[in-house]
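As stored in entry-v9.cif (mmCIF, C-alpha atoms):
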data_model
#
loop_
_atom_site.label_atom_id
_atom_site.label_comp_id
_atom_site.auth_asym_id
_atom_site.auth_seq_id
_atom_site.Cartn_x
_atom_site.Cartn_y
_atom_site.Cartn_z
CA MET A 1 -16.50 -50.69 -4.33
CA ALA A 2 -18.28 -48.62 -7.00
CA LEU A 3 -21.10 -47.87 -4.62
CA LEU A 4 -18.63 -46.82 -1.93
CA THR A 5 -16.71 -44.41 -4.20
CA ILE A 6 -19.96 -42.96 -5.57
CA SER A 7 -21.35 -42.45 -2.08
CA LEU A 8 -18.17 -40.83 -0.77
CA ASN A 9 -18.01 -38.56 -3.83
CA LEU A 10 -21.56 -37.42 -3.25
CA ILE A 11 -20.82 -36.84 0.44
CA PHE A 12 -17.83 -34.63 -0.45
CA VAL A 13 -19.88 -32.55 -2.91
CA THR A 14 -22.80 -32.26 -0.50
CA ALA A 15 -20.48 -31.16 2.31
CA ALA A 16 -18.94 -28.47 0.07
CA LEU A 17 -22.43 -27.39 -1.02
CA LEU A 18 -23.51 -27.02 2.59
CA PHE A 19 -20.35 -25.07 3.47
CA SER A 20 -20.95 -22.80 0.46
CA LEU A 21 -24.17 -21.69 2.17
CA LEU A 22 -21.90 -19.77 4.56
CA ILE A 23 -20.82 -17.49 1.73
CA LEU A 24 -24.14 -17.32 -0.08
CA LYS A 25 -24.41 -13.58 0.51
CA GLU A 26 -20.86 -12.81 -0.59
CA ARG A 27 -20.38 -10.76 -3.71
CA GLN A 28 -18.42 -11.26 -6.94
CA VAL A 29 -17.12 -14.73 -7.73
CA TRP A 30 -17.98 -16.15 -4.31
CA LYS A 31 -21.67 -16.18 -5.15
CA ILE A 32 -21.20 -18.66 -8.00
CA PHE A 33 -19.93 -21.49 -5.77
CA PHE A 34 -23.34 -22.49 -4.46
CA PRO A 35 -25.10 -22.81 -7.86
CA TYR A 36 -22.03 -24.48 -9.32
CA LEU A 37 -21.84 -27.07 -6.54
CA LEU A 38 -25.58 -27.66 -6.86
CA VAL A 39 -25.08 -28.42 -10.57
CA VAL A 40 -22.15 -30.71 -9.65
CA LEU A 41 -24.29 -32.57 -7.14
CA ILE A 42 -27.14 -33.03 -9.65
CA THR A 43 -24.71 -34.15 -12.37
CA GLU A 44 -22.85 -36.57 -10.09
CA SER A 45 -26.10 -38.01 -8.71
CA TYR A 46 -27.59 -38.49 -12.16
CA GLY A 47 -24.29 -39.89 -13.51
CA ALA A 48 -24.11 -42.31 -10.57
CA TYR A 49 -27.73 -43.36 -11.07
CA LEU A 50 -27.09 -44.10 -14.74
CA ARG A 51 -23.89 -45.97 -13.94
CA LEU A 52 -25.51 -48.11 -11.28
CA SER A 53 -28.37 -48.80 -13.70
CA GLY A 54 -25.85 -49.97 -16.26
CA ILE A 55 -26.64 -47.09 -18.65
CA PHE A 56 -23.90 -45.25 -20.55
CA ASN A 57 -23.41 -41.92 -18.68
CA SER A 58 -20.62 -40.09 -20.56
CA TYR A 59 -23.04 -37.67 -22.21
CA VAL A 60 -24.01 -36.30 -18.79
CA TYR A 61 -20.40 -35.27 -18.17
CA ASN A 62 -20.02 -33.98 -21.74
CA ILE A 63 -22.91 -31.61 -21.08
CA PHE A 64 -21.49 -30.63 -17.68
CA MET A 65 -17.98 -29.97 -19.03
CA PRO A 66 -18.55 -26.38 -20.40
CA ILE A 67 -20.04 -25.36 -17.03
CA TYR A 68 -16.96 -26.77 -15.29
CA LEU A 69 -14.58 -24.95 -17.66
CA TYR A 70 -16.44 -21.65 -17.43
CA THR A 71 -16.72 -21.72 -13.62
CA PHE A 72 -13.09 -22.71 -13.01
CA SER A 73 -11.92 -20.04 -15.49
CA LEU A 74 -14.01 -17.37 -13.75
CA ILE A 75 -12.78 -18.41 -10.30
CA LEU A 76 -9.11 -18.40 -11.31
CA LEU A 77 -9.34 -15.13 -13.26
CA TYR A 78 -11.03 -13.50 -10.28
CA ILE A 79 -8.42 -14.80 -7.85
CA LEU A 80 -5.64 -13.68 -10.20
CA LYS A 81 -7.31 -10.23 -10.23
CA ALA A 82 -7.55 -10.26 -14.04
CA GLU A 83 -10.33 -7.65 -13.98
CA LYS A 84 -9.87 -6.71 -17.62
CA LEU A 85 -10.50 -10.27 -18.77
CA LEU A 86 -13.41 -10.65 -16.37
CA ARG A 87 -15.17 -7.78 -18.12
CA TYR A 88 -15.54 -9.97 -21.20
CA LYS A 89 -17.43 -12.89 -19.66
CA TYR A 90 -19.34 -13.56 -22.89
CA LEU A 91 -16.08 -13.69 -24.81
CA LEU A 92 -14.75 -16.19 -22.27
CA LEU A 93 -17.89 -18.32 -22.63
CA SER A 94 -17.70 -18.13 -26.44
CA SER A 95 -14.03 -19.17 -26.36
CA ILE A 96 -14.91 -22.18 -24.20
CA VAL A 97 -17.72 -23.22 -26.57
CA LEU A 98 -15.40 -22.78 -29.57
CA PHE A 99 -12.70 -24.80 -27.81
CA TYR A 100 -15.28 -27.48 -27.04
CA VAL A 101 -16.47 -27.62 -30.67
CA PHE A 102 -12.87 -27.67 -31.93
CA ILE A 103 -11.94 -30.63 -29.70
CA PHE A 104 -15.14 -32.42 -30.70
CA TYR A 105 -14.35 -32.10 -34.42
CA ARG A 106 -10.64 -32.79 -33.99
CA PHE A 107 -10.84 -35.89 -31.73
CA GLY A 108 -14.45 -37.03 -31.89
CA ILE A 109 -16.93 -37.75 -29.13
CA SER A 110 -14.97 -40.70 -27.70
CA LYS A 111 -11.96 -38.60 -26.80
CA LEU A 112 -13.83 -35.34 -26.10
CA LEU A 113 -13.79 -35.57 -22.33
CA SER A 114 -10.16 -36.71 -21.95
CA GLU A 115 -8.75 -34.16 -24.40
CA ILE A 116 -10.68 -31.27 -22.88
CA LEU A 117 -9.79 -32.30 -19.34
CA VAL A 118 -6.08 -32.67 -20.07
CA THR A 119 -5.82 -29.35 -21.94
CA SER A 120 -7.99 -27.30 -19.58
CA ASN A 121 -6.50 -28.78 -16.42
CA PHE A 122 -3.03 -28.00 -17.74
CA ILE A 123 -4.08 -24.33 -18.21
CA PHE A 124 -5.73 -24.28 -14.78
CA SER A 125 -2.56 -25.68 -13.17
CA ILE A 126 -0.46 -22.96 -14.80
CA LEU A 127 -2.88 -20.28 -13.55
CA CYS A 128 -2.71 -21.76 -10.04
CA LEU A 129 1.10 -21.72 -10.10
CA ILE A 130 1.05 -18.07 -11.28
CA TYR A 131 -1.17 -17.24 -8.29
CA LEU A 132 1.18 -19.02 -5.86
CA TYR A 133 4.20 -17.26 -7.38
CA ARG A 134 2.51 -13.86 -7.09
CA LEU A 135 1.40 -14.55 -3.54
CA MET A 136 4.97 -15.38 -2.53
CA SER A 137 6.40 -12.22 -4.11
CA ASP A 138 3.60 -9.73 -3.34
CA ASN A 139 2.15 -10.25 0.09
CA LEU A 140 4.16 -11.73 2.92
CA SER A 141 2.25 -10.31 5.83
CA ILE A 142 -0.86 -12.51 5.65
CA ASN A 143 -1.67 -15.81 7.31
CA ILE A 144 -1.69 -18.04 4.27
CA LEU A 145 -3.48 -20.90 6.03
CA LYS A 146 -6.46 -18.63 6.71
CA LEU A 147 -6.60 -17.21 3.19
CA PRO A 148 -9.73 -18.44 1.33
CA GLU A 149 -8.26 -17.79 -2.14
CA PHE A 150 -5.21 -19.90 -1.26
CA TRP A 151 -7.34 -22.94 -0.38
CA ILE A 152 -9.49 -22.53 -3.51
CA VAL A 153 -6.32 -22.47 -5.64
CA VAL A 154 -4.66 -25.37 -3.77
CA GLY A 155 -7.78 -27.50 -4.31
CA ILE A 156 -7.86 -26.71 -8.03
CA LEU A 157 -4.11 -27.27 -8.42
CA VAL A 158 -4.09 -30.72 -6.80
CA TYR A 159 -7.28 -31.70 -8.65
CA SER A 160 -6.00 -30.48 -12.03
CA PHE A 161 -2.57 -32.10 -11.72
CA GLY A 162 -4.13 -35.34 -10.51
CA SER A 163 -6.72 -35.36 -13.30
CA ILE A 164 -4.06 -34.84 -15.96
CA THR A 165 -2.11 -37.78 -14.55
CA VAL A 166 -5.18 -40.00 -14.43
CA TRP A 167 -6.11 -39.22 -18.04
CA LEU A 168 -2.53 -39.56 -19.28
CA PHE A 169 -2.11 -42.98 -17.61
CA MET A 170 -5.63 -44.17 -18.30
CA GLY A 171 -4.36 -47.20 -20.25
CA LEU A 172 -2.13 -48.31 -17.41
CA LEU A 173 -4.87 -47.80 -14.83
CA ASN A 174 -7.28 -49.87 -16.95
CA THR A 175 -4.69 -52.64 -17.22
CA ILE A 176 -4.21 -52.62 -13.45
CA TYR A 177 -7.97 -52.87 -13.03
CA GLN A 178 -8.27 -55.76 -15.50
CA THR A 179 -5.32 -57.72 -14.13
CA MET A 180 -5.52 -57.01 -10.41
CA GLN A 181 -9.19 -56.02 -10.08
CA LEU A 182 -7.98 -52.84 -8.35
CA PRO A 183 -10.06 -49.75 -9.28
CA LEU A 184 -7.07 -47.43 -8.89
CA ARG A 185 -8.58 -44.74 -11.14
CA GLN A 186 -11.71 -44.49 -8.98
CA ILE A 187 -9.59 -44.39 -5.83
CA ILE A 188 -7.37 -41.59 -7.19
CA MET A 189 -10.39 -39.61 -8.44
CA LEU A 190 -12.04 -40.10 -5.05
CA PHE A 191 -8.94 -38.72 -3.35
CA LEU A 192 -8.82 -35.77 -5.81
CA ASN A 193 -12.51 -34.96 -5.37
CA GLY A 194 -12.11 -35.24 -1.61
CA PHE A 195 -9.16 -32.87 -1.70
CA LEU A 196 -10.88 -30.38 -4.03
CA TYR A 197 -14.15 -30.17 -2.12
CA GLY A 198 -12.38 -30.39 1.24
CA SER A 199 -10.14 -27.43 0.36
CA TRP A 200 -13.09 -25.48 -0.93
CA SER A 201 -15.15 -26.20 2.19
CA TYR A 202 -12.27 -24.95 4.31
CA ALA A 203 -11.93 -21.89 2.05
CA PHE A 204 -15.65 -21.09 2.54
CA LEU A 205 -15.15 -21.41 6.28
CA CYS A 206 -12.15 -19.01 6.15
CA LYS A 207 -14.17 -16.56 4.04
CA TYR A 208 -17.01 -16.73 6.53
CA GLN A 209 -14.61 -16.16 9.46
CA GLN A 210 -13.13 -13.15 7.65
CA LYS A 211 -16.62 -11.70 7.39
CA ILE A 212 -17.57 -12.17 11.05
CA SER A 213 -14.22 -11.22 12.57
CA MET B 214 1.70 -37.29 -9.05
CA SER B 215 -1.01 -35.87 -6.79
CA LEU B 216 1.09 -36.66 -3.75
CA VAL B 217 3.98 -34.78 -5.38
CA VAL B 218 1.69 -31.76 -5.75
CA VAL B 219 0.55 -32.09 -2.14
CA GLY B 220 4.24 -32.26 -1.12
CA PHE B 221 4.85 -29.17 -3.23
CA ILE B 222 2.02 -27.33 -1.47
CA ILE B 223 3.37 -28.27 1.98
CA SER B 224 6.88 -27.08 1.00
CA TYR B 225 5.35 -23.90 -0.44
CA VAL B 226 3.52 -23.14 2.82
CA ARG B 227 6.72 -23.77 4.84
CA LEU B 228 8.76 -21.54 2.52
CA PHE B 229 6.06 -18.87 2.62
CA ASN B 230 5.99 -18.90 6.41
CA THR B 231 9.81 -18.73 6.62
CA ARG B 232 9.86 -15.75 4.28
CA LYS B 233 6.96 -14.18 6.16
CA LYS B 234 8.84 -14.51 9.45
CA ARG B 235 11.92 -12.88 7.90
CA HIS B 236 9.79 -10.15 6.33
CA LEU B 237 8.10 -9.38 9.65
CA GLU B 238 11.47 -9.26 11.42
CA GLU B 239 12.79 -6.82 8.80
CA LYS B 240 9.63 -4.73 9.11
CA GLU B 241 9.99 -4.64 12.88
CA GLN B 242 13.64 -3.63 12.53
CA MET B 243 12.70 -0.84 10.10
CA LYS B 244 10.01 0.35 12.49
CA GLU B 245 12.51 0.47 15.34
CA ASN B 246 15.01 2.35 13.18
CA PHE B 247 12.32 4.80 12.14
CA HIS B 248 11.34 5.49 15.74
CA LEU B 249 14.97 5.92 16.66
CA GLN B 250 15.47 8.39 13.81
CA LEU B 251 12.31 10.22 14.76
CA LEU B 252 13.49 10.51 18.34
CA HIS B 253 16.88 11.65 17.14
CA SER B 254 15.29 14.34 14.92
CA LYS B 255 13.05 15.50 17.75
CA LEU B 256 16.02 15.84 20.08
CA GLU B 257 17.98 17.62 17.36
CA ILE B 258 15.15 20.11 16.77
CA GLN B 259 14.70 20.62 20.49
CA GLU B 260 18.41 21.21 20.93
CA GLN B 261 18.41 23.66 18.04
CA THR B 262 15.43 25.51 19.51
CA PHE B 263 17.17 25.81 22.87
CA THR B 264 20.30 27.13 21.13
CA GLU B 265 18.21 29.70 19.21
CA ILE B 266 16.47 30.86 22.40
CA SER B 267 19.78 31.06 24.21
CA LYS B 268 21.34 33.08 21.36
CA GLU B 269 18.38 35.45 21.14
CA LEU B 270 18.36 36.00 24.90
CA HIS B 271 22.11 36.56 24.96
CA ASP B 272 22.30 38.81 21.89
CA ASN B 273 19.23 40.99 22.47
CA VAL B 274 17.66 40.85 25.88
CA GLY B 275 20.89 39.97 27.68
CA GLN B 276 22.75 42.87 26.07
CA LEU B 277 20.01 45.36 26.89
CA LEU B 278 19.65 44.18 30.48
CA SER B 279 23.45 44.26 30.96
CA LEU B 280 23.43 47.79 29.64
CA ALA B 281 20.56 48.70 31.93
CA SER B 282 22.44 47.19 34.89
CA LEU B 283 25.53 49.19 33.94
CA GLN B 284 23.45 52.33 33.61
CA LEU B 285 21.84 51.70 37.00
CA GLY B 286 25.33 51.53 38.44
CA MET B 287 26.14 54.83 36.77
CA ALA B 288 22.79 56.28 37.87
CA GLN B 289 23.91 55.76 41.40
CA ASN B 290 26.58 58.33 40.54
CA GLN B 291 23.78 60.39 38.86
CA SER B 292 25.54 60.58 35.49
CA ILE B 293 22.70 58.80 33.51
CA PRO B 294 19.05 59.87 33.57
CA LEU B 295 16.63 57.18 34.84
CA GLU B 296 14.45 57.75 31.73
CA LYS B 297 17.20 56.29 29.51
CA ILE B 298 17.49 53.18 31.72
CA LYS B 299 13.71 52.67 31.65
CA GLN B 300 13.77 52.93 27.83
CA ASN B 301 16.40 50.16 27.62
CA ILE B 302 14.46 47.91 29.98
CA ASP B 303 11.26 48.50 27.94
CA THR B 304 13.13 47.59 24.74
CA ALA B 305 14.45 44.44 26.41
CA LEU B 306 10.92 43.52 27.51
CA GLY B 307 9.65 44.17 23.96
CA ASP B 308 12.36 41.90 22.54
CA LEU B 309 11.53 39.22 25.09
CA ARG B 310 7.87 39.35 24.07
CA ASN B 311 8.81 39.11 20.39
CA ILE B 312 11.01 36.08 21.03
CA SER B 313 8.26 34.45 23.04
CA LYS B 314 5.67 35.15 20.34
CA SER B 315 7.85 33.95 17.49
CA LEU B 316 8.49 30.67 19.29
CA ASN B 317 4.88 30.14 20.26
CA GLY B 318 3.15 27.93 17.64
CA GLU B 319 -0.32 28.66 19.02
CA TYR B 320 0.30 32.39 18.69
CA ILE B 321 1.58 32.27 15.12
CA GLN B 322 -1.16 29.95 13.86
CA GLN B 323 -3.74 32.74 14.16
CA PHE B 324 -2.03 34.65 11.35
CA SER B 325 -2.02 33.95 7.65
CA ILE B 326 1.42 33.73 6.04
CA ALA B 327 0.99 37.23 4.59
CA GLU B 328 -0.06 38.65 7.97
CA PHE B 329 2.86 36.97 9.67
CA LEU B 330 5.23 38.47 7.11
CA GLN B 331 3.59 41.85 7.65
CA ASN B 332 4.35 41.55 11.41
CA ILE B 333 7.99 40.86 10.66
CA LYS B 334 7.99 43.78 8.21
CA ASN B 335 6.60 46.08 10.89
CA GLN B 336 9.38 45.03 13.25
CA LEU B 337 12.06 45.47 10.59
CA ASP B 338 10.70 48.81 9.44
CA GLY B 339 11.44 50.14 12.91
CA THR B 340 15.13 49.34 12.49
CA GLU B 341 15.34 51.18 9.13
CA THR B 342 18.12 48.83 7.99
CA ILE B 343 16.30 46.88 5.32
CA ASP B 344 13.53 47.55 2.81
CA PHE B 345 11.14 44.61 3.25
CA GLN B 346 8.63 44.16 0.42
CA ILE B 347 5.78 41.64 0.40
CA GLU B 348 3.87 40.69 -2.73
CA GLN B 349 0.79 38.46 -2.91
CA ILE B 350 -0.24 36.99 -6.27
CA GLY B 351 -3.51 35.07 -6.72
CA GLU B 352 -6.28 34.30 -4.28
CA ARG B 353 -5.57 33.74 -0.59
CA TYR B 354 -6.01 30.13 0.51
CA THR B 355 -6.58 28.76 3.97
CA LEU B 356 -3.78 26.32 4.67
CA ALA B 357 -3.98 23.48 7.17
CA ILE B 358 -2.48 24.66 10.47
CA PRO B 359 0.46 22.19 10.62
CA LYS B 360 1.36 23.10 7.03
CA LYS B 361 1.12 26.81 7.77
CA ILE B 362 3.30 26.51 10.89
CA ILE B 363 5.98 24.60 8.97
CA LEU B 364 5.96 27.22 6.18
CA ILE B 365 6.11 30.06 8.68
CA ARG B 366 9.05 28.43 10.51
CA VAL B 367 10.93 28.08 7.24
CA LEU B 368 10.20 31.70 6.29
CA GLN B 369 11.23 32.79 9.77
CA GLU B 370 14.53 30.95 9.47
CA ALA B 371 15.22 32.30 5.98
CA ILE B 372 14.41 35.91 6.95
CA GLN B 373 16.43 35.61 10.15
CA ASN B 374 19.42 34.41 8.10
CA ILE B 375 19.06 37.36 5.74
CA VAL B 376 18.75 39.91 8.53
CA LYS B 377 21.68 38.46 10.47
CA HIS B 378 24.13 37.46 7.79
CA ALA B 379 23.21 38.84 4.35
CA ARG B 380 23.83 42.55 5.01
CA ALA B 381 21.03 43.16 2.48
CA SER B 382 19.29 46.47 1.92
CA LEU B 383 16.36 44.88 0.09
CA LEU B 384 14.30 41.82 0.95
CA ARG B 385 11.37 40.77 -1.20
CA VAL B 386 8.97 37.90 -0.43
CA THR B 387 6.47 36.85 -3.10
CA ILE B 388 3.59 34.50 -2.30
CA ASP B 389 2.08 33.11 -5.50
CA SER B 390 -1.08 30.99 -5.29
CA SER B 391 -2.33 31.73 -8.81
CA ASP B 392 -1.81 28.07 -9.83
CA ARG B 393 -4.59 26.90 -7.42
CA GLN B 394 -2.79 23.58 -7.01
CA VAL B 395 0.59 24.80 -5.87
CA LEU B 396 1.79 27.50 -3.53
CA LYS B 397 5.00 29.19 -4.62
CA ILE B 398 7.02 31.39 -2.32
CA ALA B 399 10.11 33.30 -3.42
CA ILE B 400 12.45 35.01 -0.94
CA ILE B 401 14.94 37.28 -2.65
CA ASP B 402 17.57 39.59 -1.18
CA ASN B 403 20.40 41.72 -2.54
CA GLY B 404 22.87 40.81 0.19
CA VAL B 405 26.35 39.30 0.21
CA GLY B 406 25.16 35.82 -0.79
CA PHE B 407 26.90 32.59 0.06
CA ASP B 408 28.28 29.42 -1.47
CA VAL B 409 25.27 27.08 -1.47
CA LYS B 410 27.32 23.88 -1.91
CA LYS B 411 29.60 24.71 1.01
CA ALA B 412 26.69 25.71 3.21
CA GLU B 413 24.85 22.49 2.37
CA LEU B 414 27.92 20.40 3.18
CA ARG B 415 28.39 22.10 6.53
CA ASN B 416 24.63 22.29 7.13
CA GLY B 417 25.26 25.93 7.82
CA LEU B 418 22.37 28.42 7.95
CA GLY B 419 19.95 25.56 8.67
CA LEU B 420 19.50 24.78 4.98
CA SER B 421 19.02 21.07 5.53
CA ASN B 422 16.52 21.82 8.28
CA MET B 423 14.48 23.96 5.92
CA GLN B 424 14.76 21.32 3.23
CA LYS B 425 13.53 18.54 5.56
CA ARG B 426 10.59 20.63 6.70
CA ILE B 427 9.50 21.45 3.14
CA GLU B 428 9.98 17.83 2.06
CA SER B 429 7.65 16.80 4.86
CA LEU B 430 4.98 18.84 3.03
CA ASN B 431 5.78 17.03 -0.25
CA GLY B 432 7.22 20.29 -1.48
CA THR B 433 10.54 21.44 -2.82
CA ILE B 434 12.94 24.18 -1.83
CA GLU B 435 15.71 25.58 -4.00
CA PHE B 436 18.55 27.85 -2.91
CA ARG B 437 20.29 30.01 -5.51
CA SER B 438 23.12 32.15 -4.32
CA ARG B 439 26.71 33.12 -4.99
CA PRO B 440 29.04 35.21 -2.89
CA SER B 441 28.23 38.94 -3.36
CA GLU B 442 25.31 38.21 -5.72
CA GLY B 443 22.39 38.03 -3.28
CA THR B 444 20.23 35.02 -2.53
CA GLN B 445 17.05 33.60 -4.00
CA ILE B 446 15.05 30.90 -2.23
CA PHE B 447 12.17 29.24 -4.09
CA ILE B 448 9.64 27.15 -2.19
CA THR B 449 6.95 25.12 -3.90
CA THR B 450 4.35 23.12 -2.00
CA PRO B 451 0.95 21.60 -2.88
CA LEU B 452 -1.99 23.71 -1.70
#

Take the structure in this file and express it as C-alpha cells.
Amino acid sequence: MALLTISLNLIFVTAALLFSLLILKERQVWKIFFPYLLVVLITESYGAYLRLSGIFNSYVYNIFMPIYLYTFSLILLYILKAEKLLRYKYLLLSSIVLFYVFIFYRFGISKLLSEILVTSNFIFSILCLIYLYRLMSDNLSINILKLPEFWIVVGILVYSFGSITVWLFMGLLNTIYQTMQLPLRQIIMLFLNGFLYGSWSYAFLCKYQQKIS
Amino acid sequence: MSLVVVGFIISYVRLFNTRKKRHLEEKEQMKENFHLQLLHSKLEIQEQTFTEISKELHDNVGQLLSLASLQLGMAQNQSIPLEKIKQNIDTALGDLRNISKSLNGEYIQQFSIAEFLQNIKNQLDGTETIDFQIEQIGERYTLAIPKKIILIRVLQEAIQNIVKHARASLLRVTIDSSDRQVLKIAIIDNGVGFDVKKAELRNGLGLSNMQKRIESLNGTIEFRSRPSEGTQIFITTPL
C-alpha cells in the first residue's frame, strides 16, 4: 500500500511538473511553478526513498517547509493582486523564517511540521476564500472554468482544508490504522495531492490556451 | 472535510454561473436600451433639424420668394421695376446659400471657432441690428473636428436664440484658452433675458439640447438669465 501511495504521489507531481513546462516562459508568479514543482519532486522522491529504506525522513520535510510556505504565499498574494505586499518579498521570507523559528521554539521539533501546517494552511484557506469572494463580486463576465487562477486557488483551498483536517484528527487516523490496518491518512493525503496537482495541471493548460488563443 | 470543500467549490461554480447568466442578461438588456435611446435621440435630432430647415425656409426664403412672386404679378401691370424683383430673388438665393452652409458640417469644419463667429458677425453686421463683438484670449488651439462641430452647433443655436428672441443690441462672445487645459466660452447679451428654470422645464430654446451636446464633450454649460436682465452662457470643455 505504501509503495502504491508513494508511486501515485510521484506520478501526480511529475504530471504537474510536465504541465508546468507549458508556462515556462510566462512572466511573474507563473515562472516559479516549474522550479517549485521540481523541488517538490526531489523532496518527495528523497522522502520516499528514506521511508522505504526505513530511515526517519521528517527532517527532509522540515527543510522543505519554508519553501512551501514562501511559494504558496507568493502565489496567493499574486492572485489576490496584493502588489504592495509583493514588493517586499524579503520581508515575506523573513516573516516565514521568524514564524518557523517561533514554532520550533514554542512546540519543539516533534510538533514543528503539524503546527506550521495547521497554522499556514488555515491562513492559505482564508486567502483562497477572499479570492473566491472577490471573484464573485468583481468579475461576472468570465468563464470561471477556464480561469487559471481559479484552478490554482481551488487546488490550494481543497489541499489546505484537507491538510488541516488530517493534522487535527491525526490521533484518530492513527487509531484507525492500528486497529483496522487502514492507512486512511495516506489515502486522504493521496487524494489531496492528486487534487492539488491535478488542479494546477489544468490551470497550466488553461494558461497555455489563453496564450495561444 | 475535503469532500465538503469540493462540494462547496461545485456549489460556488454553479452560483457563479447563475449570477453570470443574470449579469449577461442585464448587460444585454442595457445594451438594447442604450441602442433604443440612441436611435430615439438620432430621430429627435433629425426631426429638430428638419423643423429648423422648414422654419428657415418659411421665414426667410419663402417670404422673399412670395414677395418676388407678388411683385412679378404687379410687374405685369408695370407698377414695380424688375430691378427690385431681381434684388429680392438675389437676397432669397443668398439666404438659401447661408442656410445650406450653416447646416453643412463639412463646410463649417474648415473654419476655426473664431473664424466661424467672424462669418456670423459679418452677416449680422449687414443687418445693423446688433453689435456683435468677438474676443479671443490665449493661444489658438486646433480642436478635433467632431468636438469643433459640436461647439459650433451650440454657438450657432445660442446666437440664433439671441438674434431671434433676445431683442439685444449687444452680443459679446469670448473664447478663452489661456488655461491650456480647458476651453472657456462666454456668450453674453443685453437682451430681454428669460426665466432659465421655466425654459429648462419646457425644454424651450433648445437648452437641454445644448446641454447634452456639451456633456458629450465632458464639458459643462451654465445659463444665467433673468427676464429683462440679459443672458450669460458659460461653456467649459477640456481642450

Dump as JSON, numbers by chain the residues of chain B that approach chain A to within 12 Å, counting all atoms listed in the file.
{"B": [214, 215, 216, 217, 218, 219, 220, 221, 222, 223, 225, 226, 227, 228, 229, 230, 231, 232, 233, 234, 235, 236, 237, 238, 239, 240, 241]}

Residues just named, written with C-alpha atoms as a PDB file, keeping the file's coordinate frame:
ATOM      1  CA  MET B 214       1.700 -37.290  -9.050  1.00  0.00           C
ATOM      2  CA  SER B 215      -1.010 -35.870  -6.790  1.00  0.00           C
ATOM      3  CA  LEU B 216       1.090 -36.660  -3.750  1.00  0.00           C
ATOM      4  CA  VAL B 217       3.980 -34.780  -5.380  1.00  0.00           C
ATOM      5  CA  VAL B 218       1.690 -31.760  -5.750  1.00  0.00           C
ATOM      6  CA  VAL B 219       0.550 -32.090  -2.140  1.00  0.00           C
ATOM      7  CA  GLY B 220       4.240 -32.260  -1.120  1.00  0.00           C
ATOM      8  CA  PHE B 221       4.850 -29.170  -3.230  1.00  0.00           C
ATOM      9  CA  ILE B 222       2.020 -27.330  -1.470  1.00  0.00           C
ATOM     10  CA  ILE B 223       3.370 -28.270   1.980  1.00  0.00           C
ATOM     11  CA  TYR B 225       5.350 -23.900  -0.440  1.00  0.00           C
ATOM     12  CA  VAL B 226       3.520 -23.140   2.820  1.00  0.00           C
ATOM     13  CA  ARG B 227       6.720 -23.770   4.840  1.00  0.00           C
ATOM     14  CA  LEU B 228       8.760 -21.540   2.520  1.00  0.00           C
ATOM     15  CA  PHE B 229       6.060 -18.870   2.620  1.00  0.00           C
ATOM     16  CA  ASN B 230       5.990 -18.900   6.410  1.00  0.00           C
ATOM     17  CA  THR B 231       9.810 -18.730   6.620  1.00  0.00           C
ATOM     18  CA  ARG B 232       9.860 -15.750   4.280  1.00  0.00           C
ATOM     19  CA  LYS B 233       6.960 -14.180   6.160  1.00  0.00           C
ATOM     20  CA  LYS B 234       8.840 -14.510   9.450  1.00  0.00           C
ATOM     21  CA  ARG B 235      11.920 -12.880   7.900  1.00  0.00           C
ATOM     22  CA  HIS B 236       9.790 -10.150   6.330  1.00  0.00           C
ATOM     23  CA  LEU B 237       8.100  -9.380   9.650  1.00  0.00           C
ATOM     24  CA  GLU B 238      11.470  -9.260  11.420  1.00  0.00           C
ATOM     25  CA  GLU B 239      12.790  -6.820   8.800  1.00  0.00           C
ATOM     26  CA  LYS B 240       9.630  -4.730   9.110  1.00  0.00           C
ATOM     27  CA  GLU B 241       9.990  -4.640  12.880  1.00  0.00           C
TER      28      GLU B 241
END

Show which residues sit within 10 Å of Asn374 (chain B), as a ChimeraX atom specification. Count all atoms listed in the file, and ignore same-chain residues fewer than 5 positions away.
/B:368-369,379-380,418-419

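Closest approach to Tyr90 (chain A) from the set A:Leu74, A:Leu127, A:Leu205, A:Leu4 is made by A:Leu74, with distances taken over all atoms listed in the file.
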
Gap from CA of Pro451 (chain B) to CA of Ile434 (chain B) - Å, one decimal
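That distance, rounded to one decimal, is 12.3 Å.
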
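Distance-wise, CA of Val60 (chain A) and CA of Glu44 (chain A) end up 8.8 Å apart.
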
What does the distance between CA of Tyr131 (chain A) and CA of Ser73 (chain A) come to in Å, to one decimal place?
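Result for CA of Tyr131 (chain A) versus CA of Ser73 (chain A): 13.2 Å, one decimal.
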
Extract, using all atoms listed in the file, all DNA, RNA and protein residues at most 9 Å from Ser282 (chain B), discarding same-chain residues fewer than 5 positions from it, and format them as a VMD selection string.
chain B and resid 277 287 298

What does the PyMOL selection byres ((chain A and resi 26-29) around 12) select in this file, as a VMD selection string?
chain A and resid 20 to 25 30 to 36 70 to 81 83 86 149 152 204 207 to 208 210 to 211

Given the file shown, determine the residues that the PyMOL selection byres ((chain B and resi 403) around 12) selects; report them as an MDAnalysis selection string.
chainID B and resid 343:345 375:376 378:385 400:402 404:407 438:445

What residues come out when you apply the PyMOL selection byres ((chain B and resi 420) around 10) to this file, written as an MDAnalysis selection string?
chainID B and resid 367 370:371 409 412:419 421:426 434:436

Env of Thr175 (chain A): 12 Å cut, atoms = all atoms listed in the file, seq-sep filter 6 positions within chain, self excluded. Answer as a list in words.
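Residues near the query, excluding close chain neighbours: Phe169, Gln181, Leu182, Pro183, Leu184 and Arg185 of chain A.
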
My list of candidates is A:Ala82, A:Asn62, A:Phe122, A:Asp138. Which is closest to Gly108 (chain A) when distances are computed with all atoms listed in the file?
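Answer, going by the shortest atom-to-atom distance: A:Asn62.
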
Counting only C-alpha atoms, which residues come within 12 Å of (-7.8, -33.5, -23.8), with the point read in the file's coordinates, and could you list them as a ChimeraX atom specification?
/A:65,99-100,102-104,106-123,163-168
